[in-house]
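A.B. asks: If it helps, the file is called work.txt and holds compact mmCIF, C-alpha atoms and all ligand atoms:
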# COMPACT_ATOMS: atom_id res chain seq x y z
CA MET A 1318 66.72 135.17 105.35
CA PRO A 1319 70.45 134.66 104.84
CA LEU A 1320 72.49 137.63 103.73
CA ALA A 1321 73.80 137.39 100.18
CA LEU A 1322 77.04 139.08 99.27
CA ASP A 1323 77.69 140.66 95.93
CA ASP A 1324 80.96 138.73 95.63
CA PRO A 1325 80.53 135.48 97.52
CA ALA A 1326 83.32 133.65 95.76
CA ALA A 1327 85.96 136.35 96.11
CA PRO A 1328 89.24 135.06 97.53
CA HIS A 1329 90.87 136.88 100.41
CA SER A 1330 94.33 138.12 101.17
CA ALA A 1331 95.73 140.21 104.00
CA SER A 1332 98.39 140.21 106.61
CA GLY A 1333 97.41 139.45 110.18
CA GLU A 1334 97.73 141.98 112.92
CA THR A 1335 99.62 141.25 116.07
CA VAL A 1336 98.88 142.25 119.61
CA PRO A 1337 101.49 143.71 121.93
CA THR A 1338 103.66 141.38 123.98
CA HIS A 1339 102.46 140.93 127.55
CA ASP A 1340 104.41 139.36 130.33
CA LEU A 1341 102.27 136.67 131.95
CA SER A 1342 103.55 137.76 135.31
CA GLU A 1343 101.24 140.75 134.84
CA VAL A 1344 98.27 138.45 135.46
CA ALA A 1345 96.50 139.83 138.48
CA PRO A 1346 92.93 140.78 139.18
CA PRO A 1347 91.13 143.03 138.61
CA ALA A 1348 90.95 142.56 134.85
CA ARG A 1349 91.46 145.65 132.74
CA PRO A 1350 88.62 146.50 130.37
CA GLY A 1351 88.88 144.18 127.37
CA ARG A 1352 89.76 145.30 123.89
CA ARG A 1353 86.54 146.15 122.04
CA TRP A 1354 85.86 145.98 118.35
CA PHE A 1355 83.84 148.71 116.65
CA PRO A 1356 82.83 148.02 113.05
CA LYS A 1357 83.42 150.66 110.39
CA ARG A 1358 80.25 149.71 108.59
CA VAL A 1359 76.99 148.26 109.97
CA VAL A 1360 74.08 147.11 107.82
CA ALA A 1361 70.69 145.63 108.69
CA THR A 1362 68.57 143.55 106.32
CA PRO A 1363 64.79 144.17 106.10
CA PRO A 1364 63.70 141.02 108.00
CA ALA A 1365 66.20 141.81 110.78
CA TYR A 1366 64.47 145.01 111.76
CA ASP A 1367 61.14 143.21 112.08
CA HIS A 1368 62.57 141.39 115.10
CA PRO A 1369 62.67 143.01 118.54
CA HIS A 1370 66.24 141.92 119.11
CA GLY A 1371 67.26 143.28 115.71
CA LEU A 1372 65.90 146.65 116.77
CA ARG A 1373 67.67 146.38 120.12
CA ILE A 1374 70.99 145.76 118.36
CA MET A 1375 70.41 148.68 116.01
CA LYS A 1376 69.62 151.03 118.91
CA ARG A 1377 72.64 149.83 120.84
CA ILE A 1378 74.95 150.45 117.90
CA GLU A 1379 73.42 153.83 117.04
CA ALA A 1380 73.86 154.86 120.69
CA LEU A 1381 77.58 154.30 120.16
CA GLY A 1382 77.49 156.87 117.40
CA ILE A 1383 77.75 154.29 114.60
CA GLU A 1384 75.32 154.65 111.71
CA VAL A 1385 73.25 151.57 110.77
CA GLU A 1386 72.49 151.31 107.04
CA ARG A 1387 69.01 149.89 106.49
CA LEU A 1388 69.27 147.74 103.40
CA THR A 1389 66.24 147.41 101.16
CA SER A 1390 67.08 143.80 100.30
CA ALA A 1391 69.12 140.98 101.77
CA ARG A 1392 71.95 141.68 99.34
CA LEU A 1393 75.02 143.42 100.71
CA THR A 1394 77.07 145.35 98.20
CA GLY A 1395 80.27 147.32 98.57
CA VAL A 1396 82.31 144.66 100.33
CA ARG A 1397 84.48 143.88 97.35
CA GLY A 1398 87.59 146.05 97.23
CA GLU A 1399 90.10 146.72 94.48
CA ASN A 1400 92.13 143.68 95.51
CA ASP A 1401 91.88 140.67 97.80
CA ARG A 1402 93.55 142.45 100.67
CA GLN A 1403 91.06 145.31 100.53
CA THR A 1404 88.14 142.89 100.30
CA TYR A 1405 89.36 141.07 103.42
CA ALA A 1406 89.84 144.36 105.31
CA ARG A 1407 86.38 145.65 104.32
CA ALA A 1408 84.66 142.39 105.21
CA LYS A 1409 86.43 142.14 108.57
CA SER A 1410 85.31 145.66 109.48
CA THR A 1411 81.67 145.12 108.49
CA LEU A 1412 78.86 143.94 110.76
CA ALA A 1413 75.59 142.71 109.25
CA ILE A 1414 72.43 142.38 111.34
CA VAL A 1415 70.50 139.55 109.71
CA VAL A 1416 68.00 136.77 110.41
CA SER A 1417 69.49 133.31 110.81
CA PRO A 1418 68.97 130.77 108.02
CA PRO A 1419 65.94 128.50 108.68
CA SER A 1420 68.27 125.46 108.56
CA ARG A 1421 69.78 126.61 111.86
CA ARG A 1422 66.57 125.65 113.70
CA LYS A 1423 67.53 122.00 113.34
CA LEU A 1424 70.36 121.70 115.84
CA GLN A 1425 73.41 119.53 115.25
CA PRO A 1426 75.50 117.67 117.83
CA ILE A 1427 78.95 119.15 118.37
CA ALA A 1428 81.41 116.53 119.60
CA PRO A 1429 83.30 116.50 121.87
CA SER A 1430 82.14 119.83 123.35
CA ALA A 1431 78.38 119.63 123.72
CA ASP A 1432 75.17 117.79 122.95
CA TRP A 1433 73.99 120.55 120.62
CA ARG A 1434 75.28 123.66 118.96
CA PHE A 1435 73.30 126.79 118.21
CA ASP A 1436 74.43 130.05 116.70
CA LEU A 1437 73.83 133.69 117.62
CA ALA A 1438 76.32 134.97 115.04
CA GLU A 1439 78.56 133.82 112.26
CA GLY A 1440 82.01 135.26 111.68
CA CYS A 1441 84.47 137.07 113.93
CA PRO A 1442 86.28 140.39 113.65
CA ALA A 1443 89.56 139.07 115.09
CA HIS A 1444 92.48 137.88 112.96
CA CYS A 1445 93.81 134.61 114.35
CA GLN A 1446 96.15 133.09 111.82
CA TYR A 1447 95.04 129.54 112.57
CA CYS A 1448 91.30 130.33 112.76
CA TYR A 1449 89.17 127.25 112.11
CA LEU A 1450 86.48 129.48 110.55
CA ALA A 1451 88.72 129.80 107.48
CA GLY A 1452 87.86 126.24 106.54
CA SER A 1453 84.24 126.39 107.65
CA LEU A 1454 82.73 129.58 106.24
CA SER A 1455 82.78 130.69 102.64
CA GLY A 1456 82.96 134.13 101.06
CA PRO A 1457 84.39 137.38 102.43
CA PRO A 1458 84.54 137.20 106.23
CA VAL A 1459 81.74 139.64 107.10
CA THR A 1460 80.47 139.18 110.67
CA ARG A 1461 76.74 138.47 110.80
CA VAL A 1462 74.76 138.73 114.03
CA TYR A 1463 71.31 137.25 114.34
CA ALA A 1464 68.28 139.42 115.00
CA ASP A 1465 65.90 136.49 115.66
CA LEU A 1466 67.45 135.73 119.04
CA ASP A 1467 64.13 135.13 120.81
CA ASP A 1468 63.12 132.46 118.27
CA ILE A 1469 66.58 130.86 118.45
CA LEU A 1470 66.43 130.59 122.25
CA ASP A 1471 62.80 129.36 122.28
CA ASN A 1472 63.77 126.60 119.83
CA LEU A 1473 66.23 125.06 122.31
CA SER A 1474 63.53 123.71 124.63
CA GLY A 1475 62.73 120.91 122.17
CA TYR A 1476 66.21 119.43 122.69
CA VAL A 1477 66.27 119.05 126.48
CA GLY A 1478 67.06 115.48 127.52
CA GLN A 1479 68.03 114.51 123.98
CA GLY A 1480 71.78 114.86 124.21
CA THR A 1481 73.94 112.64 122.07
CA ILE A 1482 77.42 113.79 123.11
CA THR A 1483 78.09 114.89 126.67
CA SER A 1484 74.87 113.41 128.07
CA ARG A 1485 76.02 109.92 127.05
CA ARG A 1486 79.29 110.19 128.98
CA ALA A 1487 79.17 109.22 132.63
CA ALA A 1488 81.84 111.80 133.47
CA ARG A 1489 79.82 114.66 131.99
CA ARG A 1490 76.20 113.68 132.49
CA ASP A 1491 75.99 116.02 135.49
CA GLU A 1492 76.23 118.98 133.09
CA GLY A 1493 72.72 118.25 131.81
CA THR A 1494 71.87 118.83 128.17
CA THR A 1495 74.68 121.02 126.88
CA PHE A 1496 74.35 123.77 124.27
CA GLU A 1497 77.46 125.28 122.64
CA ALA A 1498 77.08 128.87 121.44
CA SER A 1499 80.50 129.78 120.05
CA CYS A 1500 81.07 127.46 117.10
CA TYR A 1501 81.16 130.10 114.39
CA THR A 1502 82.16 133.21 116.30
CA ASP A 1503 83.70 134.64 119.46
CA PRO A 1504 80.88 135.85 121.75
CA LEU A 1505 82.82 138.53 123.62
CA ALA A 1506 84.09 140.01 120.38
CA LEU A 1507 80.48 141.02 119.70
CA ASP A 1508 78.39 141.07 122.87
CA HIS A 1509 79.06 144.77 123.59
CA LEU A 1510 77.35 145.43 120.23
CA THR A 1511 74.50 142.93 120.47
CA GLY A 1512 73.87 141.88 124.09
CA SER A 1513 72.94 138.47 122.63
CA TRP A 1514 75.08 136.33 124.91
CA GLN A 1515 74.00 138.27 127.99
CA ARG A 1516 70.40 137.45 127.09
CA ALA A 1517 71.34 133.83 126.48
CA VAL A 1518 72.94 133.62 129.93
CA GLU A 1519 69.77 135.07 131.49
CA HIS A 1520 67.61 132.70 129.43
CA PHE A 1521 69.49 129.69 130.80
CA GLY A 1522 69.47 131.23 134.28
CA ALA A 1523 65.67 131.39 134.20
CA TRP A 1524 65.34 127.93 132.63
CA GLU A 1525 64.57 125.54 135.47
CA ALA A 1526 65.90 122.42 133.76
CA PRO A 1527 69.12 120.36 133.69
CA VAL A 1528 70.74 122.39 130.90
CA GLN A 1529 74.03 124.16 130.37
CA LEU A 1530 75.01 126.98 128.05
CA ARG A 1531 78.65 126.87 126.97
CA TRP A 1532 80.83 129.31 125.08
CA THR A 1533 84.48 130.08 124.70
CA THR A 1534 86.24 133.38 124.08
CA LYS A 1535 89.59 135.05 123.50
CA PHE A 1536 88.36 138.31 125.01
CA GLY A 1537 88.41 139.55 128.59
CA ASP A 1538 85.50 141.98 128.53
CA VAL A 1539 83.34 140.25 131.15
CA ASP A 1540 82.10 143.06 133.40
CA SER A 1541 78.58 142.99 131.95
CA PHE A 1542 78.30 139.27 132.74
CA ALA A 1543 79.46 139.26 136.35
CA GLY A 1544 76.14 140.50 137.75
CA LEU A 1545 73.78 138.41 135.61
CA THR A 1546 71.43 135.81 137.11
CA HIS A 1547 73.14 132.78 135.62
CA GLN A 1548 72.24 130.15 138.27
CA GLY A 1549 75.39 128.25 137.38
CA ARG A 1550 73.90 127.15 134.08
CA THR A 1551 76.52 128.85 131.88
CA ARG A 1552 80.11 127.69 131.64
CA VAL A 1553 82.38 130.34 130.12
CA ARG A 1554 85.69 129.03 128.88
CA PHE A 1555 88.66 131.20 128.01
CA SER A 1556 90.63 130.23 124.95
CA VAL A 1557 94.30 130.52 125.88
CA ASN A 1558 97.64 129.60 124.42
CA CYS A 1559 101.29 130.12 125.22
CA LEU A 1560 102.95 133.49 124.65
CA PRO A 1561 104.64 133.16 121.28
CA VAL A 1562 101.38 131.89 119.81
CA THR A 1563 99.13 134.56 121.29
CA THR A 1564 101.41 137.46 120.48
CA ARG A 1565 102.22 136.35 116.93
CA MET A 1566 98.99 134.80 115.78
CA GLU A 1567 95.95 136.20 117.61
CA GLY A 1568 95.49 139.66 116.12
CA GLY A 1569 92.58 141.71 117.39
CA THR A 1570 91.89 139.62 120.50
CA SER A 1571 92.36 140.61 124.14
CA PRO A 1572 95.93 140.32 125.40
CA LEU A 1573 96.56 136.92 126.92
CA ALA A 1574 97.04 138.30 130.42
CA ASP A 1575 93.47 139.62 130.42
CA ARG A 1576 91.93 136.18 129.98
CA PRO A 1577 92.95 134.43 133.21
CA ALA A 1578 92.01 137.64 135.04
CA ALA A 1579 88.57 137.58 133.39
CA LEU A 1580 88.22 133.89 134.26
CA ARG A 1581 88.86 134.78 137.88
CA LYS A 1582 86.26 137.53 137.78
CA LEU A 1583 83.56 135.18 136.48
CA ALA A 1584 84.59 132.37 138.85
CA LEU A 1585 84.20 134.82 141.76
CA ALA A 1586 80.74 135.64 140.37
CA GLY A 1587 79.85 131.95 140.73
CA TYR A 1588 80.11 130.85 137.13
CA PRO A 1589 81.52 127.46 136.23
CA VAL A 1590 84.55 128.38 134.15
CA GLY A 1591 87.01 126.66 131.88
CA LEU A 1592 90.11 126.79 129.77
CA THR A 1593 90.11 125.97 126.11
CA ILE A 1594 93.81 125.44 125.46
CA ALA A 1595 93.89 125.64 121.71
CA PRO A 1596 95.43 125.11 119.34
CA ILE A 1597 98.21 123.33 121.20
CA MET A 1598 101.37 123.60 119.11
CA THR A 1599 104.87 122.17 119.35
CA VAL A 1600 106.52 125.58 119.36
CA ASP A 1601 110.13 125.88 120.55
CA ASP A 1602 110.41 125.08 124.26
CA TRP A 1603 106.73 124.21 124.35
CA ARG A 1604 106.95 122.62 127.80
CA ASP A 1605 108.34 125.83 129.30
CA ARG A 1606 105.93 128.05 127.41
CA TYR A 1607 102.82 126.06 128.30
CA GLY A 1608 104.16 125.66 131.84
CA GLU A 1609 104.17 129.47 132.14
CA LEU A 1610 100.60 129.55 130.91
CA LEU A 1611 99.47 127.05 133.55
CA ASP A 1612 101.37 129.01 136.22
CA ALA A 1613 99.46 132.13 135.22
CA VAL A 1614 96.12 130.35 135.42
CA ALA A 1615 97.02 128.84 138.79
CA ALA A 1616 97.82 132.33 140.10
CA ALA A 1617 94.56 133.69 138.70
CA VAL A 1618 92.33 131.08 140.38
CA ASP A 1619 94.18 131.13 143.68
CA GLY A 1620 91.74 131.49 146.55
CA VAL A 1621 88.54 131.35 144.47
CA PRO A 1622 85.96 129.61 146.68
CA ASP A 1623 84.03 126.62 145.23
CA LEU A 1624 85.97 126.82 141.98
CA ASP A 1625 84.45 124.76 139.15
CA LEU A 1626 87.22 124.70 136.53
CA THR A 1627 87.51 122.51 133.44
CA ALA A 1628 90.01 122.22 130.60
CA GLU A 1629 89.48 121.30 126.97
CA LEU A 1630 92.69 120.44 125.16
CA ILE A 1631 92.74 120.80 121.38
CA THR A 1632 95.86 120.22 119.28
CA HIS A 1633 96.56 122.11 116.09
CA ARG A 1634 95.21 120.64 112.88
CA PHE A 1635 94.45 121.95 109.43
CA THR A 1636 92.69 120.89 106.26
CA PRO A 1637 93.76 121.52 102.66
CA GLY A 1638 90.95 124.07 102.40
CA SER A 1639 91.75 125.93 105.62
CA LYS A 1640 95.46 126.06 104.70
CA GLU A 1641 94.70 127.63 101.36
CA VAL A 1642 92.38 130.26 102.81
CA LEU A 1643 94.70 131.07 105.73
CA LEU A 1644 97.75 131.46 103.47
CA GLY A 1645 95.67 133.81 101.34
CA TRP A 1646 94.65 135.88 104.34
CA TYR A 1647 98.00 135.77 106.16
CA PRO A 1648 100.72 135.18 103.55
CA ARG A 1649 103.56 135.98 105.98
CA THR A 1650 102.32 133.74 108.74
CA ARG A 1651 104.79 131.64 110.70
CA LEU A 1652 102.11 129.03 111.41
CA GLU A 1653 103.47 125.56 110.65
CA MET A 1654 101.19 123.74 108.18
CA ASP A 1655 103.58 121.15 106.76
CA GLU A 1656 101.72 118.07 105.54
CA GLU A 1657 104.96 116.02 105.57
CA SER A 1658 105.36 116.34 109.31
CA ARG A 1659 101.74 115.49 110.07
CA SER A 1660 99.45 112.48 110.04
CA ARG A 1661 96.66 112.49 107.51
CA LYS A 1662 93.26 111.66 108.97
CA HIS A 1663 89.73 111.52 107.75
CA GLY A 1664 87.26 113.59 109.71
CA LYS A 1665 83.52 113.88 109.53
CA PHE A 1666 82.09 113.01 106.11
CA GLY A 1667 85.53 111.79 104.98
CA ALA A 1668 87.17 115.24 104.93
CA VAL A 1669 90.98 115.14 105.12
CA LYS A 1670 92.74 116.80 108.03
CA TYR A 1671 96.37 116.94 109.12
CA VAL A 1672 97.14 116.35 112.79
CA TYR A 1673 100.32 115.72 114.77
CA PRO A 1674 101.68 112.16 114.47
CA ALA A 1675 100.70 109.66 117.18
CA ASP A 1676 104.03 109.84 119.06
CA VAL A 1677 103.91 113.65 119.24
CA MET A 1678 100.26 113.52 120.31
CA ALA A 1679 101.09 111.04 123.08
CA GLU A 1680 103.95 113.20 124.34
CA LEU A 1681 101.85 116.35 124.36
CA ARG A 1682 98.89 114.64 126.00
CA GLY A 1683 101.00 113.01 128.70
CA TRP A 1684 102.66 116.33 129.52
CA PHE A 1685 99.40 118.30 129.72
CA GLU A 1686 97.64 115.70 131.84
CA GLN A 1687 100.53 115.53 134.25
CA GLU A 1688 101.10 119.27 134.51
CA ILE A 1689 97.44 120.19 134.85
CA ALA A 1690 97.08 117.65 137.66
CA ALA A 1691 100.14 119.15 139.35
CA GLN A 1692 99.50 122.87 138.79
CA LEU A 1693 95.71 122.99 138.71
CA PRO A 1694 94.57 120.10 140.89
CA GLN A 1695 90.97 121.38 140.96
CA CYS A 1696 90.75 121.29 137.16
CA ARG A 1697 88.78 118.57 135.36
CA ILE A 1698 89.97 117.73 131.83
CA LEU A 1699 86.88 117.27 129.68
CA TYR A 1700 88.59 115.98 126.56
CA TRP A 1701 91.76 115.82 124.48
CA THR A 1702 91.66 115.98 120.73
S1 LIG B 1801 88.84 134.77 118.10
FE1 LIG B 1801 88.28 132.64 117.46
S2 LIG B 1801 86.74 132.90 115.86
FE2 LIG B 1801 87.77 134.88 116.11
S3 LIG B 1801 89.43 134.91 114.56
FE3 LIG B 1801 90.30 134.11 116.51
S4 LIG B 1801 90.10 131.85 116.38
FE4 LIG B 1801 88.73 132.77 114.81
Output the file's structure in the form of structure tokens.
C.D. replies:
Amino acid sequence: MPLALDDPAAPHSASGETVPTHDLSEVAPPARPGRRWFPKRVVATPPAYDHPHGLRIMKRIEALGIEVERLTSARLTGVRGENDRQTYARAKSTLAIVVSPPSRRKLQPIAPSADWRFDLAEGCPAHCQYCYLAGSLSGPPVTRVYADLDDILDNLSGYVGQGTITSRRAARRDEGTTFEASCYTDPLALDHLTGSWQRAVEHFGAWEAPVQLRWTTKFGDVDSFAGLTHQGRTRVRFSVNCLPVTTRMEGGTSPLADRPAALRKLALAGYPVGLTIAPIMTVDDWRDRYGELLDAVAAAVDGVPDLDLTAELITHRFTPGSKEVLLGWYPRTRLEMDEESRSRKHGKFGAVKYVYPADVMAELRGWFEQEIAAQLPQCRILYWT
């Protein structure tokens, strides 16, 4: 049963946090423990505590000394504050343990990343000022984690061999049927509280079929994954950007330097790994800044045996809806969202989005393809968008 909020239409407003500046030259294994989020308020809906995984999450959170409120209905109250800023802050510090909506059992393709997407949570406690969730999810940004994990994972077996995205591309068919598990959240922002993605990795590890689990993260807290039996059927990608972007716009995430170090740790544990370079922006001196990023990744993967490294390159875009929500949440943001300097495009179902003009896109793409080939020759670019 989905969780209903008492104020689903409330607008949001708050300033973003920033993380401390980190010199990329600090990148060196071993990774420091990642930054962990602990919610101020945790609630569980009645159907959630009928599920074994819901109970596991509750026990895990209570063991951390955090009280879990057992709601008597699926309605969450007390999120709305005295103003928009307070509502945003309360929602972002609340975790709800719920059962996923029944509609989520019918999987959707997720181009260009994977054949299918499935969700283990919805919402994220971090504060990225360009976050795509702003245009995708409605209502106060409470993070919901799903208690019916076992049912969600069991449901995937019906989709093997039915891929419509990566399976149709000769260059990616070797990945098997691909399943993306980070569309509406950041897994490592939450896994220390739920264990859901660890169980998903083990599920795919035990699944003797041509399948691949995929997820991307801005966190570096990977120690609990290094020893799992993954059988190479999970590709973890680290979402990275150049320094002015990460320090100014990615509040509440792990410092940038932790991510290449975490990538190295998982690559040494035999995982296929990847970079999600996103959102690529034409910040001042972008060639130098992104060049430093690629240098840091090259240093981090140096000497990793049998490295399987990919890159997914995603340029910045926004929609009228995401711009409005983001400016409400982060009114002092320095994120460029100027329609006049962008090209207007129509996305899925005719929705308008603003992307860089074709000449800027071509310049960015040419530079990234050339520099990745030069600095990370082992790296396979999966797509540019
Ligand atoms: S980590 Fe990802 S999902 Fe979370 S706020 Fe940042 S961009 Fe959004």
A.B. asks: How would you report the residues lying within 10 Å of ligand LIG 1801 (chain B), as a ChimeraX atom specification, if you count only C-alpha atoms and all ligand atoms?
C.D. replies: /A:1409,1439-1451,1458,1499-1506,1533-1536,1556,1566-1571,1595-1596
A.B. asks: Using all atoms listed in the file, which residues sit within 9 Å of stretch 1479-1483 of chain A once same-chain residues fewer than 3 positions away are excluded, as a list in words?
C.D. replies: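 After dropping sequence-adjacent residues, the list is Pro1426, Ile1427, Ala1428, Pro1429, Ser1430, Ala1431, Asp1432, Trp1433, Gly1475, Tyr1476, Arg1486, Ala1487, Ala1488, Arg1489, Arg1490, Glu1492, Gly1493, Thr1494 and Thr1495 of chain A.
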A.B. asks: If we count all atoms listed in the file and set the cut-off at 8 Å, which residues sit around A:Ala1628, ignoring sequence neighbours fewer than 3 positions away in its own chain? Please answer as a list in words.
C.D. replies: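 Here the answer would be Gly1591, Leu1592, Thr1593, Ile1594, Cys1696, Arg1697, Ile1698, Leu1699 and Tyr1700 of chain A.
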A.B. asks: Let me make sure I understand: among A:Ser1417, A:Leu1630, A:Arg1352, A:Phe1635, which one has the smallest atom-to-atom distance to A:Asp1538 if we use only C-alpha atoms?
C.D. replies: A:Arg1352
A.B. asks: Find, counting only C-alpha atoms, the residue in A:Phe1542, A:Tyr1647, A:Phe1555, A:Trp1532 that gets nearest to A:His1509.
C.D. replies: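 Looking at the shortest contact to A:His1509, the residue is A:Phe1542.
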A.B. asks: I'd like the interatomic distance between atom CA of A:Pro1457 and atom CA of A:Ala1408, to a tenth of an Å.
C.D. replies: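 Going from atom CA of A:Pro1457 over to atom CA of A:Ala1408, I get 5.7 Å.
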A.B. asks: Work out how far apart atom CA of A:Arg1651 and atom CA of A:Arg1565 are and give it in Å to one decimal.
C.D. replies: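 Distance reported for this atom pair: 8.2 Å.
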A.B. asks: Can you work out which one of A:Leu1643, A:Val1677, A:Leu1388, A:Leu1510 has the shortest atom-to-atom distance to A:Arg1373, counting only C-alpha atoms?
C.D. replies: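 Closest to A:Arg1373 of all the choices is A:Leu1510.
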A.B. asks: What's around A:Ala1617 at 9 Å? Count all atoms listed in the file, leave out sequence neighbours fewer than 2 positions away in its own chain, and write the answer as number ranges by chain.
C.D. replies: A: 1344-1346, 1577-1581, 1612-1615, 1619-1621
A.B. asks: Would you mind reading off the distance between atom CA of A:Gly1664 and atom CA of A:Trp1701, one decimal, in Å?
C.D. replies: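 Here the two named atoms are 15.6 Å from each other.
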A.B. asks: So, counting all atoms listed in the file, which residue among A:Phe1496, A:Thr1627, A:Pro1694, A:Gly1382 is closest to A:Gln1425?
C.D. replies: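 Using all atoms listed in the file, the shortest distance to A:Gln1425 belongs to A:Phe1496.
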A.B. asks: Using only C-alpha atoms, pick whichever of A:Glu1680, A:Glu1399, A:Glu1688, A:Asp1436 has the shortest atom-to-atom distance to A:Tyr1463.
C.D. replies: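 Ranking A:Glu1680, A:Glu1399, A:Glu1688, A:Asp1436 by distance to A:Tyr1463, first place goes to A:Asp1436.
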A.B. asks: From the set A:Ile1383, A:Ile1378, A:Leu1507, A:Leu1393, which residue has the shortest atom-to-atom contact distance to A:Leu1437, counting all atoms listed in the file?
C.D. replies: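 Among the listed residues, the smallest separation from A:Leu1437 belongs to A:Leu1507.
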A.B. asks: Within 12 Å of (88.6, 148.1, 107.7) in the file's own coordinates, which protein, DNA or RNA residues have an atom, counting only C-alpha atoms? List them as number ranges by chain.
C.D. replies: A: 1331, 1354-1359, 1396-1398, 1402-1412, 1442-1443, 1458-1459
